[in-house]
Amino acid sequence: MSTGTIYKIETTAERDKLDVNELASTQLQAEYTSMTILKVNGTAYLLGYIKEIGTTDMYKISEGAPYFDFTKSQLDLGKEWDIVEPFYMANKPHLMCYQSKNGHMYFFPISNKLSSEHPLHFYHTRYPYTTDLYEVKPLVSQGQVFVIGYNQTNGYVNIWTVSATSNSSGDSPPLQVEVIWAHQWAKGWTRFAFFTWGNENFFLKTNTWKPNVNIDHVWDDLSKGTNEVGSHLKLKDDQILNIVRPFEVGPGDPYFLTYLEKTGESNFNKVHGDCLGWTTCATENSVKGAKHIVPYRIGEINYALYVS
């Protein structure tokens, strides 16, 4: 079992101020190694995955008690995935599962009955390698699904596109993956937080090898990769933060929260329009020792689930 603490995040009449209040506590079935939000057929679910045994649990999300209602599913993702991330293609939800040591990526289509279908398997044994990636994230640019992957040890960073094909062989889904950009950043980047301005992709990242905080932009032409927008930005406790998570408020304004596990301090920050900084809109003494923070939204109200 694990305990989830739900915080409600609301805007106020005062500009650049949020109200953050503890709403409720909830019990989850297990201690999960990965947690994310998956929307299926218009319904939002909390997905919890246990790497060592491959169990995948689903909870239907609601505004009132029990808030996270355990729901039977037929998701069979297998064991030993380090990263489990959702994405959507051709109006259908998918899950990308990634294993660092061998570089395997599996792309599972998900049915409306909450079952996993036969996946597409992808990996690269030559440059650009898919092994030993620290960050792997599916995103969308101009309607094109892509995956960005970063190796924290050597700085290698790649972008792969995920495209639909006219047909497929056997049980494999009609998808294909192609590398479109391969580059090398500095090593040591961590705590990525991806967000959008309009249709443009950006991300905040922190370097703990040579202390730095950046906001980068992903070009619409994915073959150009990324460009640095702001560097050496000032973020409180940037070298010791445990978790950084993005979320959106209102019509899509980008925010991110930062969290210190030891003290429970959470800061809720609004990104400036020039991406050269942010304003802290709330500070909350939240629960200590959280291993996962999952922001989610119901209608116009934002929430964050802290799981310890």
# chains A, B, ... in the order shown; residues from 1 in each chain; ligands from 1
>>> select_by_dssp(residues="range 38-244 of chain A", states="strand (DSSP E or B)", output="JSON, numbers by chain")
{"A": [38, 39, 40, 43, 44, 45, 46, 47, 48, 49, 56, 57, 58, 59, 60, 61, 68, 69, 70, 71, 74, 83, 84, 85, 86, 87, 88, 89, 92, 93, 94, 95, 96, 97, 98, 99, 104, 105, 106, 107, 108, 109, 110, 115, 116, 120, 121, 122, 135, 136, 137, 138, 139, 140, 141, 144, 145, 146, 147, 148, 149, 150, 156, 157, 158, 159, 160, 161, 162, 163, 164, 175, 176, 177, 178, 179, 180, 181, 182, 183, 184, 189, 190, 191, 192, 193, 194, 195, 196, 197, 200, 201, 202, 203, 204, 205, 206, 207, 212, 213, 214, 215, 216, 217, 218, 226, 227, 228, 229, 230, 243, 244]}
>>> closest_atom_pairs(of="range 142-239 of chain A", to="range 124-131 of chain A", cutoff="8 Å", atoms="only C-alpha atoms", output="tab-separated table")
residue	atom	partner	partner_atom	distance
A:Gly149	CA	A:Thr130	CA	7.9
A:Asn158	CA	A:Pro128	CA	7.1
A:Val179	CA	A:Pro128	CA	7.9
A:Ala182	CA	A:Pro128	CA	6.4
>>> write_last_selection(atoms="N, CA and C atoms", output="tab-separated table (two decimals), in the first residue's frame")
chain	number	residue	atom	x	y	z
A	149	GLY	N	15.17	11.82	-26.17
A	149	GLY	CA	15.89	11.01	-25.19
A	149	GLY	C	17.24	11.61	-24.89
A	158	ASN	N	18.84	12.71	-28.46
A	158	ASN	CA	18.28	12.31	-29.76
A	158	ASN	C	16.80	12.63	-29.82
A	179	VAL	N	14.98	7.97	-36.38
A	179	VAL	CA	15.77	9.04	-35.78
A	179	VAL	C	15.79	10.23	-36.73
A	182	ALA	N	20.33	13.91	-33.87
A	182	ALA	CA	21.27	13.36	-32.91
A	182	ALA	C	22.31	14.42	-32.59
>>> residues_around(residues="Pro66 in chain A", least_positions_apart="6", cutoff="10 Å", atoms="only C-alpha atoms", output="MDAnalysis selection string")
chainID A and resid 24:27 60
>>> closest_residue(among="A:Pro109, A:Gly54, A:Gly155, A:Gly64", to="Phe87 in chain A", atoms="only C-alpha atoms")
A:Pro109
>>> closest_atom_pairs(of="range 164-251 of chain A", to="range 268-285 of chain A", cutoff="9 Å", atoms="only C-alpha atoms", output="tab-separated table")
residue	atom	partner	partner_atom	distance
A:Trp197	CA	A:Gly273	CA	8.3
A:Phe202	CA	A:Cys275	CA	8.8
A:Asn214	CA	A:Leu276	CA	8.7
A:Ile215	CA	A:Cys275	CA	6.6
A:Asp216	CA	A:Cys275	CA	8.6
A:Val229	CA	A:Cys275	CA	6.8
A:Gly230	CA	A:Leu276	CA	5.2
A:Ser231	CA	A:Leu276	CA	7.9
A:Leu233	CA	A:Gly277	CA	6.5
A:Lys234	CA	A:Gly277	CA	7.5
A:Leu235	CA	A:Gly277	CA	8.6
>>> write_last_selection(atoms="C-alpha atoms", output="mmCIF file, in the first residue's frame")
data_model
loop_
_atom_site.group_PDB
_atom_site.id
_atom_site.type_symbol
_atom_site.label_atom_id
_atom_site.label_comp_id
_atom_site.auth_asym_id
_atom_site.auth_seq_id
_atom_site.Cartn_x
_atom_site.Cartn_y
_atom_site.Cartn_z
ATOM 1 C CA TRP A 197 3.434 27.936 -25.284
ATOM 2 C CA PHE A 202 9.794 24.046 -24.267
ATOM 3 C CA ASN A 214 18.038 26.340 -18.571
ATOM 4 C CA ILE A 215 14.848 26.696 -20.547
ATOM 5 C CA ASP A 216 15.165 25.230 -24.040
ATOM 6 C CA VAL A 229 16.263 30.241 -24.720
ATOM 7 C CA GLY A 230 17.470 31.096 -21.220
ATOM 8 C CA SER A 231 20.537 29.981 -19.273
ATOM 9 C CA LEU A 233 18.317 31.085 -14.511
ATOM 10 C CA LYS A 234 17.775 31.399 -10.765
ATOM 11 C CA LEU A 235 15.714 28.566 -9.278
#
>>> residues_around(residues="Asn201 in chain A", least_positions_apart="2", cutoff="10 Å", atoms="only C-alpha atoms", output="PDB file with C-alpha atoms, in the first residue's frame")
ATOM      1  CA  LEU A 139       5.708  14.898 -27.235  1.00  0.00           C
ATOM      2  CA  VAL A 140       3.801  16.416 -30.159  1.00  0.00           C
ATOM      3  CA  SER A 141       5.035  19.092 -32.587  1.00  0.00           C
ATOM      4  CA  GLN A 142       2.767  20.371 -35.379  1.00  0.00           C
ATOM      5  CA  PHE A 194       8.214  19.930 -20.434  1.00  0.00           C
ATOM      6  CA  PHE A 195       5.612  22.580 -21.224  1.00  0.00           C
ATOM      7  CA  THR A 196       4.064  24.375 -24.190  1.00  0.00           C
ATOM      8  CA  TRP A 197       3.434  27.936 -25.284  1.00  0.00           C
ATOM      9  CA  GLY A 198       0.745  27.689 -27.964  1.00  0.00           C
ATOM     10  CA  ASN A 199       1.941  24.864 -30.227  1.00  0.00           C
ATOM     11  CA  PHE A 203      11.447  22.419 -21.280  1.00  0.00           C
ATOM     12  CA  ASP A 216      15.165  25.230 -24.040  1.00  0.00           C
ATOM     13  CA  HIS A 217      12.889  25.262 -27.078  1.00  0.00           C
ATOM     14  CA  VAL A 218      12.194  22.423 -29.528  1.00  0.00           C
ATOM     15  CA  TRP A 219      12.174  23.636 -33.134  1.00  0.00           C
ATOM     16  CA  ASP A 220       9.056  22.998 -35.238  1.00  0.00           C
ATOM     17  CA  THR A 226      16.549  22.288 -29.744  1.00  0.00           C
TER      18      THR A 226
END
>>> atom_distance(atom1="CA of Glu10 in chain A", atom2="CA of Ile243 in chain A")
20.8 Å
>>> atom_distance(atom1="CA of Phe68 in chain A", atom2="CA of Tyr45 in chain A")
8.1 Å
>>> residues_around(residues="Asp238 in chain A", least_positions_apart="6", cutoff="10 Å", atoms="only C-alpha atoms", output="VMD selection string")
chain A and resid 191 205 to 208 211 to 213 244 258
